[in-house]
$ cat run24.txt   # compact mmCIF, C-alpha atoms and all ligand atoms
# COMPACT_ATOMS: atom_id res chain seq x y z
CA MET A 589 -35.31 -11.00 -15.00
CA LEU A 590 -32.06 -12.72 -15.77
CA THR A 591 -31.90 -15.24 -18.59
CA ASP A 592 -30.20 -18.63 -18.22
CA ASN A 593 -27.36 -17.19 -20.22
CA ASP A 594 -27.04 -14.18 -17.87
CA ILE A 595 -27.05 -16.53 -14.89
CA GLU A 596 -24.24 -18.65 -16.35
CA LYS A 597 -22.19 -15.49 -16.85
CA MET A 598 -22.81 -14.38 -13.28
CA ARG A 599 -21.74 -17.79 -11.97
CA LEU A 600 -18.53 -17.45 -13.93
CA ALA A 601 -18.02 -13.89 -12.65
CA GLY A 602 -18.59 -15.24 -9.14
CA GLN A 603 -15.85 -17.83 -9.60
CA LYS A 604 -13.45 -15.10 -10.73
CA TRP A 605 -14.53 -12.98 -7.77
CA LEU A 606 -13.70 -15.82 -5.38
CA GLU A 607 -10.31 -16.47 -6.95
CA ILE A 608 -9.39 -12.80 -6.71
CA MET A 609 -10.64 -12.49 -3.13
CA ARG A 610 -8.53 -15.53 -2.17
CA VAL A 611 -5.46 -13.76 -3.45
CA LEU A 612 -6.41 -10.57 -1.59
CA LYS A 613 -6.97 -12.57 1.60
CA SER A 614 -3.43 -13.91 1.43
CA HIS A 615 -2.20 -10.30 1.61
CA ILE A 616 -4.23 -9.30 4.65
CA GLN A 617 -1.28 -9.12 7.02
CA ILE A 618 0.39 -6.69 9.37
CA GLY A 619 2.28 -4.15 7.28
CA THR A 620 0.40 -4.53 3.98
CA ASN A 621 -0.47 -1.15 2.50
CA LEU A 622 -4.04 -0.60 1.26
CA LYS A 623 -2.64 0.72 -2.01
CA GLU A 624 -0.93 -2.63 -2.49
CA ILE A 625 -4.23 -4.51 -1.99
CA GLU A 626 -5.82 -2.25 -4.58
CA ARG A 627 -2.95 -2.84 -7.00
CA ILE A 628 -3.25 -6.61 -6.59
CA ALA A 629 -7.03 -6.48 -7.17
CA GLU A 630 -6.42 -4.66 -10.45
CA GLN A 631 -3.67 -7.06 -11.45
CA GLU A 632 -5.61 -10.22 -10.61
CA SER A 633 -8.68 -8.91 -12.46
CA ALA A 634 -6.65 -8.14 -15.58
CA LYS A 635 -5.00 -11.57 -15.41
CA ARG A 636 -8.43 -13.18 -15.58
CA GLY A 637 -9.85 -10.83 -18.21
CA VAL A 638 -12.51 -9.38 -15.89
CA ILE A 639 -13.28 -5.77 -15.08
CA PRO A 640 -13.57 -4.44 -11.51
CA SER A 641 -17.20 -3.28 -11.23
CA PHE A 642 -16.60 -0.28 -9.01
CA LYS A 643 -13.92 1.55 -10.96
CA GLY A 644 -15.59 4.42 -12.77
CA TYR A 645 -18.96 3.71 -11.14
CA GLN A 646 -20.39 7.20 -10.63
CA GLY A 647 -16.78 8.34 -10.79
CA TYR A 648 -15.47 6.02 -8.06
CA PRO A 649 -11.72 5.92 -8.70
CA ALA A 650 -10.68 2.42 -7.54
CA ALA A 651 -11.29 -1.30 -8.03
CA THR A 652 -11.86 -1.96 -4.33
CA CYS A 653 -13.46 -0.24 -1.37
CA LEU A 654 -11.16 -0.76 1.63
CA SER A 655 -12.57 0.30 4.98
CA VAL A 656 -10.51 -0.06 8.16
CA ASN A 657 -11.86 -0.11 11.74
CA GLU A 658 -14.42 2.72 12.16
CA GLU A 659 -14.59 3.28 8.42
CA ILE A 660 -17.91 2.08 6.99
CA VAL A 661 -18.06 1.72 3.19
CA HIS A 662 -16.99 3.20 -0.15
CA CYS A 663 -13.55 4.06 1.21
CA ILE A 664 -10.97 4.75 -1.48
CA PRO A 665 -7.78 2.74 -0.83
CA LYS A 666 -5.37 5.05 0.97
CA ASP A 667 -1.70 5.02 1.88
CA TYR A 668 -2.08 3.07 5.13
CA ALA A 669 -0.24 -0.02 6.38
CA LEU A 670 -2.38 -2.58 8.24
CA LYS A 671 -1.69 -2.92 11.94
CA ASN A 672 -2.15 -5.77 14.38
CA GLY A 673 -5.74 -5.75 15.66
CA ASP A 674 -7.23 -3.83 12.72
CA ILE A 675 -10.32 -5.05 10.95
CA ILE A 676 -10.56 -4.37 7.22
CA THR A 677 -13.51 -4.68 4.89
CA VAL A 678 -12.65 -5.53 1.30
CA ASP A 679 -15.66 -4.78 -0.90
CA PHE A 680 -15.14 -5.82 -4.51
CA GLY A 681 -17.26 -6.41 -7.60
CA VAL A 682 -16.53 -8.23 -10.85
CA TYR A 683 -18.00 -7.29 -14.23
CA HIS A 684 -17.73 -9.97 -16.87
CA GLN A 685 -19.48 -10.30 -20.23
CA GLY A 686 -22.06 -7.69 -19.31
CA LEU A 687 -22.98 -8.93 -15.81
CA HIS A 688 -21.92 -7.93 -12.30
CA VAL A 689 -21.39 -9.75 -9.04
CA ASP A 690 -20.63 -7.93 -5.79
CA GLY A 691 -19.36 -9.12 -2.42
CA ALA A 692 -17.51 -8.04 0.70
CA VAL A 693 -15.70 -9.58 3.63
CA THR A 694 -14.33 -8.08 6.82
CA TRP A 695 -11.07 -9.67 7.91
CA GLY A 696 -9.08 -9.32 11.10
CA VAL A 697 -5.39 -8.42 10.93
CA GLY A 698 -3.14 -10.40 13.28
CA GLU A 699 -4.84 -10.85 16.64
CA ILE A 700 -8.17 -9.00 16.94
CA SER A 701 -10.11 -8.19 20.11
CA PRO A 702 -12.90 -10.50 21.31
CA ARG A 703 -15.40 -7.67 20.69
CA ASN A 704 -14.26 -7.32 17.10
CA LYS A 705 -14.51 -11.06 16.64
CA GLN A 706 -18.10 -10.94 17.90
CA LEU A 707 -18.81 -8.13 15.46
CA LEU A 708 -17.48 -10.13 12.52
CA LYS A 709 -19.35 -13.27 13.53
CA GLY A 710 -22.57 -11.34 14.17
CA VAL A 711 -22.63 -9.44 10.90
CA TYR A 712 -21.87 -12.64 9.00
CA ALA A 713 -24.71 -14.37 10.87
CA ALA A 714 -27.00 -11.53 9.78
CA LEU A 715 -25.99 -12.10 6.15
CA LEU A 716 -26.85 -15.80 6.45
CA ALA A 717 -30.17 -15.07 8.17
CA GLY A 718 -31.09 -12.60 5.43
CA THR A 719 -30.21 -15.19 2.80
CA ASP A 720 -32.26 -17.89 4.51
CA ALA A 721 -35.27 -15.57 4.44
CA ILE A 722 -35.26 -15.51 0.62
CA LYS A 723 -38.16 -17.30 -1.03
CA VAL A 724 -39.80 -16.89 -4.41
CA GLY A 725 -43.01 -15.01 -3.71
CA GLY A 726 -41.65 -13.58 -0.46
CA ARG A 727 -40.89 -9.91 0.09
CA VAL A 728 -37.80 -7.77 0.39
CA ASN A 729 -38.89 -6.99 3.92
CA ASP A 730 -38.48 -10.68 4.88
CA ILE A 731 -34.77 -10.26 4.23
CA SER A 732 -34.56 -6.88 5.96
CA THR A 733 -36.37 -8.12 9.04
CA ALA A 734 -34.16 -11.21 9.35
CA ILE A 735 -30.99 -9.13 9.08
CA GLU A 736 -32.22 -6.52 11.56
CA LYS A 737 -33.26 -9.13 14.08
CA ILE A 738 -29.75 -10.54 14.35
CA LEU A 739 -28.01 -7.17 14.36
CA ASN A 740 -30.33 -5.86 17.07
CA ALA A 741 -30.01 -9.02 19.15
CA LYS A 742 -26.23 -8.56 19.16
CA GLY A 743 -26.62 -4.91 20.13
CA PHE A 744 -24.90 -3.59 17.02
CA VAL A 745 -25.64 -0.24 15.43
CA ILE A 746 -27.06 -0.19 11.89
CA PHE A 747 -26.03 2.54 9.46
CA LYS A 748 -29.34 2.96 7.70
CA PRO A 749 -28.30 4.78 4.52
CA PHE A 750 -26.28 1.74 3.39
CA VAL A 751 -28.46 -0.92 1.85
CA GLY A 752 -28.32 -4.02 -0.31
CA HIS A 753 -29.51 -3.91 -3.90
CA GLY A 754 -30.63 -5.71 -7.00
CA ILE A 755 -27.73 -6.64 -9.28
CA GLY A 756 -27.22 -7.99 -12.80
CA HIS A 757 -26.62 -5.99 -15.95
CA ARG A 758 -26.04 -3.02 -13.66
CA LEU A 759 -24.17 -3.01 -10.35
CA HIS A 760 -27.17 -1.44 -8.64
CA GLU A 761 -30.51 -2.56 -10.05
CA ASP A 762 -33.77 -1.01 -8.93
CA ILE A 763 -34.62 -2.94 -5.79
CA PHE A 764 -32.92 -1.91 -2.60
CA ILE A 765 -32.74 -4.00 0.52
CA PRO A 766 -32.44 -2.16 3.82
CA ASN A 767 -30.75 -3.78 6.82
CA TYR A 768 -33.82 -2.91 8.91
CA SER A 769 -37.49 -3.64 8.43
CA ILE A 770 -39.67 -1.04 6.81
CA PRO A 771 -43.42 -0.59 7.14
CA GLY A 772 -45.76 -1.15 4.23
CA SER A 773 -45.40 -3.22 1.14
CA THR A 774 -41.99 -4.05 -0.33
CA PRO A 775 -41.17 -5.64 -3.70
CA MET A 776 -41.80 -9.32 -4.24
CA LEU A 777 -38.86 -11.70 -4.60
CA GLN A 778 -39.01 -13.42 -7.94
CA ALA A 779 -37.22 -16.31 -9.55
CA ASN A 780 -34.19 -15.38 -11.67
CA MET A 781 -33.67 -12.11 -9.88
CA ALA A 782 -30.29 -11.49 -8.23
CA VAL A 783 -29.75 -9.43 -5.11
CA ALA A 784 -26.69 -8.30 -3.19
CA LEU A 785 -27.32 -8.41 0.55
CA GLU A 786 -24.93 -6.26 2.52
CA PRO A 787 -25.45 -6.04 6.26
CA ILE A 788 -23.19 -3.36 7.72
CA ALA A 789 -23.08 -2.77 11.46
CA GLY A 790 -20.85 -1.42 14.17
CA LEU A 791 -20.04 -1.54 17.83
CA GLY A 792 -21.17 1.41 19.87
CA GLU A 793 -24.48 3.19 19.83
CA ASP A 794 -24.09 6.29 17.72
CA ASP A 795 -25.12 5.79 14.09
CA THR A 796 -23.82 9.17 12.98
CA ILE A 797 -21.87 8.93 9.73
CA LEU A 798 -19.00 11.24 8.87
CA GLU A 799 -18.09 11.76 5.24
CA GLY A 800 -14.55 12.25 4.01
CA ASP A 801 -13.31 15.11 1.82
CA ASN A 802 -13.00 12.90 -1.27
CA GLY A 803 -16.78 12.51 -1.53
CA TRP A 804 -16.64 8.73 -0.94
CA ASP A 805 -15.14 7.75 2.40
CA THR A 806 -17.54 7.23 5.28
CA LYS A 807 -16.82 6.50 8.93
CA ALA A 808 -18.62 6.08 12.22
CA LYS A 809 -18.47 9.23 14.31
CA SER A 810 -18.32 7.02 17.42
CA GLY A 811 -14.89 5.79 16.33
CA GLN A 812 -16.09 2.23 17.00
CA PRO A 813 -15.33 -0.57 14.52
CA VAL A 814 -17.71 -1.40 11.68
CA ALA A 815 -18.00 -4.64 9.69
CA GLU A 816 -19.70 -5.63 6.46
CA PHE A 817 -20.40 -8.94 4.77
CA GLU A 818 -21.98 -9.02 1.36
CA HIS A 819 -22.82 -11.61 -1.23
CA THR A 820 -24.69 -11.83 -4.50
CA VAL A 821 -27.59 -14.26 -4.40
CA LEU A 822 -29.69 -15.65 -7.20
CA ILE A 823 -33.32 -16.28 -6.25
CA THR A 824 -34.50 -19.65 -7.54
CA PRO A 825 -37.56 -21.83 -6.91
CA GLN A 826 -35.17 -24.27 -5.19
CA GLY A 827 -33.97 -21.53 -2.84
CA PRO A 828 -31.16 -18.97 -2.78
CA GLU A 829 -28.02 -19.68 -4.82
CA ILE A 830 -24.99 -17.79 -3.54
CA MET A 831 -22.95 -16.56 -6.47
CA THR A 832 -20.05 -15.07 -4.51
CA PRO A 833 -19.48 -17.78 -1.88
CA LEU A 834 -17.66 -16.47 1.18
CA GLU A 835 -17.28 -19.54 3.42
CA THR A 836 -13.78 -20.39 2.30
CA LEU A 837 -12.68 -16.80 2.88
CA ILE A 838 -13.70 -16.53 6.51
CA ASP A 839 -12.23 -19.54 8.29
CA SER A 840 -10.89 -17.23 10.99
CA ILE A 841 -14.32 -16.21 12.31
CA LYS A 842 -15.99 -19.61 12.34
N1 LIG A 901 -20.87 -3.02 -2.40
C1 LIG A 901 -20.90 -1.59 -2.45
C2 LIG A 901 -22.29 -1.13 -2.79
O1 LIG A 901 -23.01 -1.85 -3.43
C3 LIG A 901 -19.96 -1.13 -3.48
C4 LIG A 901 -19.97 0.31 -3.74
S1 LIG A 901 -19.18 0.59 -5.17
C5 LIG A 901 -18.82 2.21 -5.30
O2 LIG A 901 -22.70 -0.06 -2.39
F1 LIG A 901 -18.28 2.33 -6.45
F2 LIG A 901 -19.91 2.89 -5.21
F3 LIG A 901 -17.99 2.56 -4.35
CO CO A 902 -23.06 -3.91 -3.03

$ encode --input "run24.txt" --output "structure tokens" --more "lines below"
Ligand code: MF3
Ligand code: CO
Amino acid sequence: MLTDNDIEKMRLAGQKWLEIMRVLKSHIQIGTNLKEIERIAEQESAKRGVIPSFKGYQGYPAATCLSVNEEIVHCIPKDYALKNGDIITVDFGVYHQGLHVDGAVTWGVGEISPRNKQLLKGVYAALLAGTDAIKVGGRVNDISTAIEKILNAKGFVIFKPFVGHGIGHRLHEDIFIPNYSIPGSTPMLQANMAVALEPIAGLGEDDTILEGDNGWDTKAKSGQPVAEFEHTVLITPQGPEIMTPLETLIDSIK
């Protein structure tokens, strides 16, 4: 369980996360190269004295995971310039004074298709539904079921291997939180525990995942777009406290 001191540090890390994501958002434009977004994430982290959580995590070589269109998660920033109509997921974690926060947003570039807009709205709605399902004494499966319900209702495909997780002193703490309900008993949600919920879903029906040569990149075999929204949530007796607040980053899909 996290101490009050840990929680304060995570709140601070969450503020830094939001500041950095705001800067990244301002660069999500037609023509911006993914390598440039990565460079800015590094620069803005250094400026604030925080460490990008992902760099070096199990050998991951970058500060950000940048996944475009049919790409799913864990994509290493590549030499690619954003085009009108693309959707891009920026997944980014901050490590500060021994604690991590983790979050992700999918943004549209220029004018995106109505279908893509529905995808963004729907996956974000799933994140909120999962968060609303959090209660001290509840179960992980409450979250999973709430997320799945929305994603299924919208007709999106769920990529089952990618799941949410406990977070704190380590980026991935023991508990994992699937985006689909699972039979049997799941861990109990306890006060002062933090979790990163990360619904990931795509258009199209095929949930086959293709892996890239670099051992990290993943994409949907269907070629259909995929979106992800993630935030770090502290479980408290008063309800969930979002530590990486996204609302101000997603005005375009509201
Ligand atoms: N939010 C992603 C996750 O929790 C971040 C992956 S970090 C990586 O899975 F280093 F593994 F790429
Ligand atoms: Co995560």

$ closest_residue --input "run24.txt" --among "A:Ile731, A:Val697, A:Val661, A:Ala713" --to "ligand CO 902 (chain A)" --atoms "only C-alpha atoms and all ligand atoms"
A:Val661

$ atom_distance --input "run24.txt" --atom1 "CA of Lys748 in chain A" --atom2 "CA of Ile770 in chain A"
11.1 Å

$ residues_near_ligand --input "run24.txt" --ligand "ligand CO 902 (chain A)" --cutoff "12 Å" --atoms "all atoms listed in the file" --output "PyMOL selection string"
chain A and resi 641-642+645+652-653+661-662+678-682+688-693+750-756+758-761+763-766+782-788+816-821+832

$ closest_residue --input "run24.txt" --among "A:Ile595, A:Leu654, A:Ala634, A:Ile618" --to "ligand LIG 901 (chain A)" --atoms "only C-alpha atoms and all ligand atoms"
A:Leu654

$ residues_around --input "run24.txt" --residues "Leu822 in chain A" --least-positions-apart "2" --cutoff "7 Å" --atoms "only C-alpha atoms" --output "list of chain:residue names"
A:Asn780, A:Met781, A:Ala782, A:Val783, A:Thr820, A:Thr824, A:Pro828, A:Glu829, A:Ile830, A:Met831

$ residues_around --input "run24.txt" --residues "range 794-810 of chain A" --least-positions-apart "4" --cutoff "10 Å" --atoms "all atoms listed in the file" --output "ChimeraX atom specification"
/A:647-649,653-665,744-749,789-790,814

$ write_last_selection --input "run24.txt" --atoms "C-alpha atoms" --output "short mmCIF file (atom, residue, chain, number, x, y, z; two decimals), keeping the file's coordinate frame"
data_model
loop_
_atom_site.label_atom_id
_atom_site.label_comp_id
_atom_site.auth_asym_id
_atom_site.auth_seq_id
_atom_site.Cartn_x
_atom_site.Cartn_y
_atom_site.Cartn_z
CA GLY A 647 -16.78 8.34 -10.79
CA TYR A 648 -15.47 6.02 -8.06
CA PRO A 649 -11.72 5.92 -8.70
CA CYS A 653 -13.46 -0.24 -1.37
CA LEU A 654 -11.16 -0.76 1.63
CA SER A 655 -12.57 0.30 4.98
CA VAL A 656 -10.51 -0.06 8.16
CA ASN A 657 -11.86 -0.11 11.74
CA GLU A 658 -14.42 2.72 12.16
CA GLU A 659 -14.59 3.28 8.42
CA ILE A 660 -17.91 2.08 6.99
CA VAL A 661 -18.06 1.72 3.19
CA HIS A 662 -16.99 3.20 -0.15
CA CYS A 663 -13.55 4.06 1.21
CA ILE A 664 -10.97 4.75 -1.48
CA PRO A 665 -7.78 2.74 -0.83
CA PHE A 744 -24.90 -3.59 17.02
CA VAL A 745 -25.64 -0.24 15.43
CA ILE A 746 -27.06 -0.19 11.89
CA PHE A 747 -26.03 2.54 9.46
CA LYS A 748 -29.34 2.96 7.70
CA PRO A 749 -28.30 4.78 4.52
CA ALA A 789 -23.08 -2.77 11.46
CA GLY A 790 -20.85 -1.42 14.17
CA VAL A 814 -17.71 -1.40 11.68
#

$ residues_near_point --input "run24.txt" --point "(-4.2, 3.7, -2.6)" --cutoff "9 Å" --atoms "all atoms listed in the file" --output "list of chain:residue names"
A:Asn621, A:Leu622, A:Lys623, A:Glu624, A:Ile625, A:Glu626, A:Arg627, A:Ala650, A:Ile664, A:Pro665, A:Lys666, A:Asp667, A:Tyr668

$ residues_around --input "run24.txt" --residues "Lys604 in chain A" --least-positions-apart "5" --cutoff "9 Å" --atoms "all atoms listed in the file" --output "list in words"
Arg599, Met609, Ser633, Arg636, Val638 and Val682 of chain A

$ axis_aligned_box --input "run24.txt" --around "ligand LIG 901 (chain A)" --padding-each-side "6 Å" --output "AutoDock Vina command-line options"
--center_x -20.5 --center_y -0.1 --center_z -4.4 --size_x 17.0 --size_y 17.9 --size_z 16.1

$ atom_distance --input "run24.txt" --atom1 "CA of Gly827 in chain A" --atom2 "CA of Lys723 in chain A"
6.2 Å

$ decode --input "run24.txt" --residues "range 672-696 of chain A" --atoms "N, CA, C and O atoms" --output "short mmCIF file (atom, residue, chain, number, x, y, z; two decimals), in the first residue's frame"
data_model
loop_
_atom_site.label_atom_id
_atom_site.label_comp_id
_atom_site.auth_asym_id
_atom_site.auth_seq_id
_atom_site.Cartn_x
_atom_site.Cartn_y
_atom_site.Cartn_z
N ASN A 672 -2.56 14.41 -42.16
CA ASN A 672 -3.96 14.75 -41.91
C ASN A 672 -4.79 13.47 -41.81
O ASN A 672 -4.67 12.59 -42.65
N GLY A 673 -5.61 13.37 -40.76
CA GLY A 673 -6.50 12.21 -40.62
C GLY A 673 -5.91 11.08 -39.80
O GLY A 673 -6.62 10.15 -39.44
N ASP A 674 -4.62 11.17 -39.45
CA ASP A 674 -4.02 10.14 -38.59
C ASP A 674 -4.61 10.25 -37.19
O ASP A 674 -5.02 11.33 -36.76
N ILE A 675 -4.57 9.11 -36.47
CA ILE A 675 -4.74 9.20 -35.01
C ILE A 675 -3.43 8.70 -34.40
O ILE A 675 -2.81 7.77 -34.90
N ILE A 676 -3.03 9.35 -33.31
CA ILE A 676 -1.77 8.97 -32.66
C ILE A 676 -1.97 8.84 -31.15
O ILE A 676 -2.50 9.74 -30.51
N THR A 677 -1.53 7.70 -30.63
CA THR A 677 -1.54 7.50 -29.19
C THR A 677 -0.18 7.87 -28.62
O THR A 677 0.85 7.34 -29.07
N VAL A 678 -0.20 8.78 -27.67
CA VAL A 678 1.02 9.12 -26.92
C VAL A 678 0.87 8.50 -25.54
O VAL A 678 -0.01 8.88 -24.77
N ASP A 679 1.69 7.51 -25.26
CA ASP A 679 1.68 6.82 -23.96
C ASP A 679 2.98 7.23 -23.27
O ASP A 679 4.06 7.12 -23.85
N PHE A 680 2.85 7.72 -22.04
CA PHE A 680 4.01 8.34 -21.40
C PHE A 680 3.90 8.19 -19.88
O PHE A 680 2.82 8.36 -19.31
N GLY A 681 5.01 7.86 -19.25
CA GLY A 681 5.02 7.73 -17.79
C GLY A 681 6.09 8.63 -17.19
O GLY A 681 7.11 8.90 -17.82
N VAL A 682 5.82 9.08 -15.97
CA VAL A 682 6.78 9.93 -15.25
C VAL A 682 7.21 9.22 -13.96
O VAL A 682 6.36 8.72 -13.21
N TYR A 683 8.51 9.21 -13.73
CA TYR A 683 9.09 8.65 -12.51
C TYR A 683 9.70 9.81 -11.75
O TYR A 683 10.52 10.54 -12.29
N HIS A 684 9.25 9.99 -10.50
CA HIS A 684 9.76 11.12 -9.73
C HIS A 684 9.86 10.71 -8.26
O HIS A 684 8.89 10.22 -7.69
N GLN A 685 11.02 10.90 -7.70
CA GLN A 685 11.27 10.59 -6.28
C GLN A 685 10.80 9.19 -5.90
O GLN A 685 10.19 8.97 -4.86
N GLY A 686 11.04 8.23 -6.81
CA GLY A 686 10.78 6.83 -6.48
C GLY A 686 9.38 6.32 -6.81
O GLY A 686 9.07 5.17 -6.51
N LEU A 687 8.54 7.17 -7.41
CA LEU A 687 7.17 6.74 -7.75
C LEU A 687 6.85 7.03 -9.21
O LEU A 687 7.34 8.02 -9.78
N HIS A 688 5.99 6.16 -9.77
CA HIS A 688 5.60 6.30 -11.18
C HIS A 688 4.14 6.74 -11.32
O HIS A 688 3.28 6.34 -10.52
N VAL A 689 3.88 7.48 -12.38
CA VAL A 689 2.51 7.62 -12.90
C VAL A 689 2.57 7.32 -14.40
O VAL A 689 3.61 7.48 -15.03
N ASP A 690 1.45 6.89 -14.95
CA ASP A 690 1.41 6.41 -16.33
C ASP A 690 0.09 6.86 -16.95
O ASP A 690 -0.97 6.79 -16.30
N GLY A 691 0.14 7.33 -18.18
CA GLY A 691 -1.10 7.75 -18.84
C GLY A 691 -0.93 7.79 -20.34
O GLY A 691 0.20 7.82 -20.86
N ALA A 692 -2.05 7.78 -21.05
CA ALA A 692 -2.00 7.82 -22.51
C ALA A 692 -3.24 8.50 -23.07
O ALA A 692 -4.32 8.44 -22.48
N VAL A 693 -3.02 9.16 -24.20
CA VAL A 693 -4.12 9.83 -24.90
C VAL A 693 -3.99 9.52 -26.38
O VAL A 693 -2.87 9.46 -26.90
N THR A 694 -5.11 9.32 -27.06
CA THR A 694 -5.07 9.25 -28.52
C THR A 694 -5.63 10.56 -29.07
O THR A 694 -6.73 10.98 -28.70
N TRP A 695 -4.83 11.20 -29.90
CA TRP A 695 -5.23 12.46 -30.51
C TRP A 695 -5.43 12.29 -32.02
O TRP A 695 -4.77 11.46 -32.66
N GLY A 696 -6.33 13.09 -32.56
CA GLY A 696 -6.50 13.16 -34.01
C GLY A 696 -5.55 14.21 -34.57
O GLY A 696 -5.22 15.18 -33.90
#
